[in-house]
Amino acid sequence: LSIKFLLFYNFFPCTCEACDCSHLGNNCDPKTGQCICPPNTIGEKCSKCAPSTWDHSITTGCKACNCSTVGSLDFQCNINTGQCSCHPKFSGAKCTECNRGHWNYPHCSPCECFLPGTDDRTCDPETEKCSCVDQTGQCTCKVNVEGVHCDRCRPGTFGLDAKNPLGCSNCYCFGATTQCSEAKGLIRTWVTLKPEQTILPLVDEALKHTTTKGIVFQHPEIVAHMDLMRQELHLEPFYWKLPEQFEGKKLMAYGGKLKYTIYFEAREETGFSTYNPQVIIRGGTPTHARIITRHMAAPLIGQLTRHEIEMMEKEWKYYGDDPRISRTVTREDFLDILYDIHYILIKATYGNIMRQSRISEISMEVAEQGHLTAVTPPARSIERCDCPPGYSGLSCEEEYNIGESGMDGKLDWFESRLHHIPGLRPCTIY
């Protein structure tokens with residue numbers, strides 16, 4: 001038939017009728033007048049997609065859905081997007097992939113990733129399901145975690161913990177060994193002020209001057225009246241200096257919290273000392289001491305502010321560093337400081353033209369052997385090292401000279417460090 005002939009139907013002499021198919025170039029069946037449709041379209045005017053097709057076009061017709069026979073609920077897809085309706089375990093436009101949290105298409109078995117050890121960027125926070133490699137089921141582990149399900153620490157690390165961005169902590173053990181595990185049977189207890197410690201001294205940041213003038217105890221707070229105190233101290237910021245029970249050997253404070261409540265009154269919210277660190281800790285050996293700082297949002301005038309600061313390296317900065325830079329204290333340096341804390345300072349000055357500063361509820365969590373109760377939670381994140389002969393302590397922090405009769409001379413921390421310098425050893429007398 002000629003193209004001209006297809007423009008008409010019901011072909012009898014003088015009775016041809018025009019095709020009502022202008023949207024299709026007026027092409028129709030010469031006997032019935034039915035429009036000649038492009039592929040996969042239906043209806044008198046070819047205006048609909050045939051079942052299991054989508055994306056209607058006047059010129060090209062509709063596309064096949066091609067929904068998976070295994071993963072889809074039916075063979076009809078969305079007529080606008082082509083998205084098939086998938087079973088819960090399946091995903092993808094054609095339901096030909098495993099949904100997040102499943103692997104091994106078309107079986108799509110659960111990944112069973114262990115959340116604390118899995119990189120949270122591969123997990124859905126709402127469903128708590130994580131993706132894994134489709135061929136193997138391998139989950140994406142945090143840096144210090146291994147296993148198909150990310151459920152164990154790598155050698156040289158310990159203490160798998162959801163809050164740890166690395167998953168597990170590196171064994172430090174003061175360089176004596178790389179093998180350790182998480183210490184068990186430890187609980188958290190508290191170092192606090194003694195009943196007779198009703199006031200604390202105020203010091204300047206350099207600890208060159210100290211005073212207790214103008215400081216009184218008003219239960220339950222220690223109160224500093226700044227007009228009197230400034231007769232002794234002149235260079236802000238000023239800091240509360242915690243007493244001796246917060247100093248010394250404090251490795252067991254690792255993973256715990258330093259807690260305190262502060263309050264201040266001033267003429268203005270922001271002042272010269274607003275951006276100084278709120279906590280300063282110095283520790284280590286006399287020849288290898290470090291100072292670290294903790295910055296937090298400044299409290300508001302006239303409001304009690306409770307701080308609970310984790311005694312872990314995260315968010316601590318080195319003294320003198322710009323707090324805006326990303327460098328944080330290393331785990332090794334933090335443990336060196338806790339080995340022997342020289343002092344802890346908590347900021348007392350805030351705002352501008354300050355009238356009064358208060359501090360209360362001071363405590364520091366430390367770990368010790370004990371029984372778990374509702375008020376004594378387990379202590380986490382503390383290493384128990386597999387110490388070689390001549391070393392003792394949970395972190396091998398104590399070292400001994402070993403003579404024929406066994407341990408006969410305890411070394412201090414600095415002397416023991418000589419063991420880890422090639423070619424240097426402490427003298428041993430037999």
# chains A, B, ... in the order shown; residues from 1 in each chain; ligands from 1
$ residues_around --residues "region 222-232 of chain A" --least-positions-apart "4" --cutoff "6 Å" --atoms "only C-alpha atoms" --output "MDAnalysis selection string"
chainID A and resid 199 213:217 355:359
$ residues_around --residues "Leu73 (chain A)" --least-positions-apart "4" --cutoff "10 Å" --atoms "only C-alpha atoms" --output "list of chain:residue names"
A:Cys67, A:Ser68, A:Thr69, A:Cys77, A:Cys84, A:Ser85, A:Cys86, A:His87, A:Pro88, A:Cys95
$ atom_distance --atom1 "CA of Tyr254 (chain A)" --atom2 "CA of Tyr318 (chain A)"
17.4 Å
$ closest_residue --among "A:Tyr239, A:Tyr263, A:Tyr343, A:Phe75" --to "Gly284 (chain A)" --atoms "only C-alpha atoms"
A:Tyr343
$ select_by_dssp --residues "region 122-281 of chain A" --states "helix (DSSP H, G or I)" --output "list of chain:residue names"
A:Thr122, A:Cys173, A:Phe174, A:Gly175, A:Met226, A:Asp227, A:Leu228, A:Met229, A:Glu244, A:Gln245, A:Phe246, A:Leu251, A:Met252, A:Ala253
$ write_last_selection --atoms "N, CA and C atoms" --output "PDB file, in the first residue's frame"
ATOM      1  N   THR A 122      29.199   2.765  55.716  1.00  0.00           N
ATOM      2  CA  THR A 122      28.573   1.724  54.897  1.00  0.00           C
ATOM      3  C   THR A 122      27.281   1.220  55.526  1.00  0.00           C
ATOM      4  N   CYS A 173      51.565  -0.355  75.813  1.00  0.00           N
ATOM      5  CA  CYS A 173      52.435  -1.204  76.634  1.00  0.00           C
ATOM      6  C   CYS A 173      53.816  -0.593  76.831  1.00  0.00           C
ATOM      7  N   PHE A 174      53.916   0.719  76.729  1.00  0.00           N
ATOM      8  CA  PHE A 174      55.172   1.443  76.927  1.00  0.00           C
ATOM      9  C   PHE A 174      56.320   0.848  76.127  1.00  0.00           C
ATOM     10  N   GLY A 175      55.992   0.306  74.943  1.00  0.00           N
ATOM     11  CA  GLY A 175      57.014  -0.185  74.035  1.00  0.00           C
ATOM     12  C   GLY A 175      57.577  -1.545  74.367  1.00  0.00           C
ATOM     13  N   MET A 226      36.247  37.707  92.767  1.00  0.00           N
ATOM     14  CA  MET A 226      37.323  38.155  91.897  1.00  0.00           C
ATOM     15  C   MET A 226      37.954  39.478  92.329  1.00  0.00           C
ATOM     16  N   ASP A 227      37.184  40.375  92.939  1.00  0.00           N
ATOM     17  CA  ASP A 227      37.773  41.651  93.339  1.00  0.00           C
ATOM     18  C   ASP A 227      38.868  41.448  94.380  1.00  0.00           C
ATOM     19  N   LEU A 228      38.665  40.505  95.315  1.00  0.00           N
ATOM     20  CA  LEU A 228      39.684  40.209  96.317  1.00  0.00           C
ATOM     21  C   LEU A 228      40.827  39.399  95.718  1.00  0.00           C
ATOM     22  N   MET A 229      40.493  38.433  94.883  1.00  0.00           N
ATOM     23  CA  MET A 229      41.500  37.553  94.307  1.00  0.00           C
ATOM     24  C   MET A 229      42.472  38.310  93.402  1.00  0.00           C
ATOM     25  N   GLU A 244      46.303  17.083  95.138  1.00  0.00           N
ATOM     26  CA  GLU A 244      47.290  16.052  94.817  1.00  0.00           C
ATOM     27  C   GLU A 244      46.677  14.696  94.496  1.00  0.00           C
ATOM     28  N   GLN A 245      45.473  14.376  95.004  1.00  0.00           N
ATOM     29  CA  GLN A 245      44.897  13.062  94.689  1.00  0.00           C
ATOM     30  C   GLN A 245      44.530  12.931  93.212  1.00  0.00           C
ATOM     31  N   PHE A 246      44.489  14.046  92.487  1.00  0.00           N
ATOM     32  CA  PHE A 246      44.235  14.011  91.047  1.00  0.00           C
ATOM     33  C   PHE A 246      45.540  13.931  90.248  1.00  0.00           C
ATOM     34  N   LEU A 251      47.235   6.065  85.097  1.00  0.00           N
ATOM     35  CA  LEU A 251      46.949   5.281  83.896  1.00  0.00           C
ATOM     36  C   LEU A 251      45.542   4.692  83.939  1.00  0.00           C
ATOM     37  N   MET A 252      45.067   4.396  85.147  1.00  0.00           N
ATOM     38  CA  MET A 252      43.748   3.776  85.284  1.00  0.00           C
ATOM     39  C   MET A 252      42.607   4.774  85.067  1.00  0.00           C
ATOM     40  N   ALA A 253      42.953   6.038  84.854  1.00  0.00           N
ATOM     41  CA  ALA A 253      41.920   7.025  84.520  1.00  0.00           C
ATOM     42  C   ALA A 253      41.588   6.997  83.034  1.00  0.00           C
TER      43      ALA A 253
END
$ residues_around --residues "region 36-38 of chain A" --least-positions-apart "5" --cutoff "9 Å" --atoms "only C-alpha atoms" --output "PDB file with N, CA and C atoms, in the first residue's frame"
ATOM      1  N   CYS A  21      -5.524   9.563  13.430  1.00  0.00           N
ATOM      2  CA  CYS A  21      -4.230   9.219  14.059  1.00  0.00           C
ATOM      3  C   CYS A  21      -3.212  10.321  13.790  1.00  0.00           C
ATOM      4  N   LEU A  24       0.156  10.116  15.177  1.00  0.00           N
ATOM      5  CA  LEU A  24       1.028   9.067  14.654  1.00  0.00           C
ATOM      6  C   LEU A  24       1.275   9.246  13.161  1.00  0.00           C
ATOM      7  N   ASN A  26      -1.050   9.984  11.081  1.00  0.00           N
ATOM      8  CA  ASN A  26      -2.266   9.514  10.402  1.00  0.00           C
ATOM      9  C   ASN A  26      -2.082   8.162   9.725  1.00  0.00           C
ATOM     10  N   ASN A  27      -1.303   7.299  10.356  1.00  0.00           N
ATOM     11  CA  ASN A  27      -1.150   5.937   9.853  1.00  0.00           C
ATOM     12  C   ASN A  27      -2.149   5.038  10.568  1.00  0.00           C
ATOM     13  N   CYS A  28      -2.987   4.279   9.787  1.00  0.00           N
ATOM     14  CA  CYS A  28      -3.951   3.387  10.414  1.00  0.00           C
ATOM     15  C   CYS A  28      -4.183   2.168   9.532  1.00  0.00           C
ATOM     16  N   ASP A  29      -4.895   1.204  10.105  1.00  0.00           N
ATOM     17  CA  ASP A  29      -5.238  -0.008   9.361  1.00  0.00           C
ATOM     18  C   ASP A  29      -6.253   0.363   8.276  1.00  0.00           C
ATOM     19  N   GLY A  43      -4.201   0.562  23.021  1.00  0.00           N
ATOM     20  CA  GLY A  43      -5.275   1.544  23.021  1.00  0.00           C
ATOM     21  C   GLY A  43      -5.587   1.993  21.609  1.00  0.00           C
ATOM     22  N   GLU A  44      -6.820   2.486  21.411  1.00  0.00           N
ATOM     23  CA  GLU A  44      -7.249   2.904  20.077  1.00  0.00           C
ATOM     24  C   GLU A  44      -6.297   3.910  19.452  1.00  0.00           C
ATOM     25  N   LYS A  45      -5.769   4.796  20.303  1.00  0.00           N
ATOM     26  CA  LYS A  45      -4.861   5.823  19.781  1.00  0.00           C
ATOM     27  C   LYS A  45      -3.423   5.591  20.252  1.00  0.00           C
ATOM     28  N   CYS A  46      -3.149   4.328  20.663  1.00  0.00           N
ATOM     29  CA  CYS A  46      -1.775   3.949  21.067  1.00  0.00           C
ATOM     30  C   CYS A  46      -1.267   4.824  22.206  1.00  0.00           C
ATOM     31  N   SER A  47      -2.162   5.228  23.098  1.00  0.00           N
ATOM     32  CA  SER A  47      -1.816   6.216  24.121  1.00  0.00           C
ATOM     33  C   SER A  47      -1.329   5.594  25.429  1.00  0.00           C
ATOM     34  N   SER A  57       6.282   6.813  24.444  1.00  0.00           N
ATOM     35  CA  SER A  57       6.727   7.788  23.451  1.00  0.00           C
ATOM     36  C   SER A  57       5.903   7.591  22.187  1.00  0.00           C
ATOM     37  N   ILE A  58       5.424   8.691  21.585  1.00  0.00           N
ATOM     38  CA  ILE A  58       4.614   8.611  20.363  1.00  0.00           C
ATOM     39  C   ILE A  58       5.397   7.988  19.222  1.00  0.00           C
ATOM     40  N   THR A  59       6.688   8.255  19.205  1.00  0.00           N
ATOM     41  CA  THR A  59       7.493   7.792  18.062  1.00  0.00           C
ATOM     42  C   THR A  59       8.182   6.460  18.306  1.00  0.00           C
ATOM     43  N   THR A  60       8.678   6.247  19.506  1.00  0.00           N
ATOM     44  CA  THR A  60       9.457   5.016  19.753  1.00  0.00           C
ATOM     45  C   THR A  60       8.697   3.977  20.549  1.00  0.00           C
ATOM     46  N   GLY A  61       7.534   4.302  21.066  1.00  0.00           N
ATOM     47  CA  GLY A  61       6.760   3.341  21.836  1.00  0.00           C
ATOM     48  C   GLY A  61       7.178   3.283  23.288  1.00  0.00           C
ATOM     49  N   CYS A  62       7.114   2.107  23.904  1.00  0.00           N
ATOM     50  CA  CYS A  62       7.442   1.929  25.320  1.00  0.00           C
ATOM     51  C   CYS A  62       8.587   0.932  25.477  1.00  0.00           C
TER      52      CYS A  62
END
$ select_by_dssp --residues "region 69-159 of chain A" --states "strand (DSSP E)" --output "list of chain:residue names"
A:Ser72, A:Leu73, A:Asp74, A:Phe75, A:Gln76, A:Cys77, A:Cys84, A:Ser85, A:Cys86, A:Phe90, A:Ser91, A:Glu97, A:Cys98, A:His102, A:Trp103, A:Ser109, A:Pro110, A:Cys123, A:Asp124, A:Lys129, A:Cys130, A:Val145, A:Glu146, A:Arg152, A:Cys153, A:Thr157, A:Phe158
$ write_last_selection --atoms "N, CA and C atoms" --output "compact mmCIF listing (two decimals), in the first residue's frame"
# COMPACT_ATOMS: atom_id res chain seq x y z
N SER A 72 11.84 -9.24 41.95
CA SER A 72 10.72 -8.29 41.88
C SER A 72 9.42 -8.91 42.38
N LEU A 73 8.54 -8.04 42.86
CA LEU A 73 7.23 -8.49 43.33
C LEU A 73 6.31 -8.82 42.16
N ASP A 74 6.43 -8.11 41.04
CA ASP A 74 5.67 -8.41 39.82
C ASP A 74 6.47 -7.87 38.64
N PHE A 75 5.94 -8.06 37.45
CA PHE A 75 6.69 -7.70 36.25
C PHE A 75 6.39 -6.28 35.77
N GLN A 76 5.44 -5.61 36.41
CA GLN A 76 5.12 -4.24 36.01
C GLN A 76 5.99 -3.26 36.80
N CYS A 77 6.62 -2.35 36.11
CA CYS A 77 7.44 -1.34 36.76
C CYS A 77 6.71 0.00 36.75
N CYS A 84 11.34 -1.15 39.15
CA CYS A 84 10.55 -2.34 39.49
C CYS A 84 10.28 -2.37 40.99
N SER A 85 9.23 -3.07 41.40
CA SER A 85 8.89 -3.23 42.82
C SER A 85 9.64 -4.45 43.34
N CYS A 86 10.59 -4.20 44.26
CA CYS A 86 11.50 -5.27 44.70
C CYS A 86 11.04 -5.92 46.00
N PHE A 90 16.03 -7.20 47.96
CA PHE A 90 16.59 -6.85 46.66
C PHE A 90 16.48 -5.35 46.40
N SER A 91 17.30 -4.87 45.47
CA SER A 91 17.28 -3.46 45.12
C SER A 91 17.74 -3.30 43.67
N GLU A 97 19.91 -6.62 42.16
CA GLU A 97 20.99 -6.46 43.13
C GLU A 97 20.45 -6.81 44.52
N CYS A 98 21.38 -7.13 45.42
CA CYS A 98 20.98 -7.34 46.82
C CYS A 98 20.83 -5.99 47.50
N HIS A 102 22.66 -7.21 52.55
CA HIS A 102 22.56 -8.56 51.99
C HIS A 102 23.63 -8.75 50.91
N TRP A 103 23.95 -10.01 50.62
CA TRP A 103 24.97 -10.31 49.62
C TRP A 103 24.66 -11.64 48.93
N SER A 109 21.76 -13.29 51.01
CA SER A 109 21.84 -13.65 52.43
C SER A 109 22.21 -12.41 53.24
N PRO A 110 21.82 -12.36 54.53
CA PRO A 110 22.18 -11.21 55.37
C PRO A 110 23.70 -11.06 55.51
N CYS A 123 26.81 1.89 56.57
CA CYS A 123 25.64 1.42 57.32
C CYS A 123 24.50 2.43 57.26
N ASP A 124 23.29 1.91 57.37
CA ASP A 124 22.09 2.74 57.45
C ASP A 124 21.76 2.94 58.93
N LYS A 129 21.65 -1.70 59.26
CA LYS A 129 22.17 -2.70 58.34
C LYS A 129 23.32 -2.09 57.54
N CYS A 130 24.36 -2.90 57.32
CA CYS A 130 25.55 -2.43 56.62
C CYS A 130 25.74 -3.23 55.34
N VAL A 145 40.17 -3.28 62.84
CA VAL A 145 39.26 -4.42 62.99
C VAL A 145 39.40 -5.33 61.78
N GLU A 146 39.20 -6.63 61.99
CA GLU A 146 39.27 -7.59 60.89
C GLU A 146 38.17 -8.63 61.06
N ARG A 152 36.43 -8.73 65.24
CA ARG A 152 37.59 -8.95 66.11
C ARG A 152 38.68 -7.93 65.82
N CYS A 153 39.48 -7.67 66.85
CA CYS A 153 40.57 -6.70 66.73
C CYS A 153 41.74 -7.29 65.96
N THR A 157 46.15 -4.77 68.68
CA THR A 157 45.10 -3.85 69.12
C THR A 157 44.16 -4.59 70.07
N PHE A 158 43.29 -3.84 70.74
CA PHE A 158 42.39 -4.45 71.73
C PHE A 158 41.15 -3.59 71.92
$ closest_residue --among "A:His307, A:Arg331, A:Arg267, A:Lys94" --to "Tyr350 (chain A)" --atoms "only C-alpha atoms"
A:Arg267
$ atom_distance --atom1 "CA of Val366 (chain A)" --atom2 "CA of Leu160 (chain A)"
20.0 Å
$ atom_distance --atom1 "CA of Ile301 (chain A)" --atom2 "CA of Pro237 (chain A)"
16.6 Å
$ residues_around --residues "Asp55 (chain A)" --least-positions-apart "3" --cutoff "7 Å" --atoms "only C-alpha atoms" --output "ChimeraX atom specification"
/A:62-63,79-80
$ write_last_selection --atoms "C-alpha atoms" --output "short mmCIF file (atom, residue, chain, number, x, y, z; two decimals), in the first residue's frame"
data_model
loop_
_atom_site.label_atom_id
_atom_site.label_comp_id
_atom_site.auth_asym_id
_atom_site.auth_seq_id
_atom_site.Cartn_x
_atom_site.Cartn_y
_atom_site.Cartn_z
CA CYS A 62 7.44 1.93 25.32
CA LYS A 63 10.45 0.21 26.86
CA ILE A 79 5.46 3.70 34.05
CA ASN A 80 7.40 6.96 34.53
#
$ closest_residue --among "A:Tyr260, A:Trp190, A:Tyr105, A:Tyr275" --to "Thr293 (chain A)" --atoms "only C-alpha atoms"
A:Tyr275
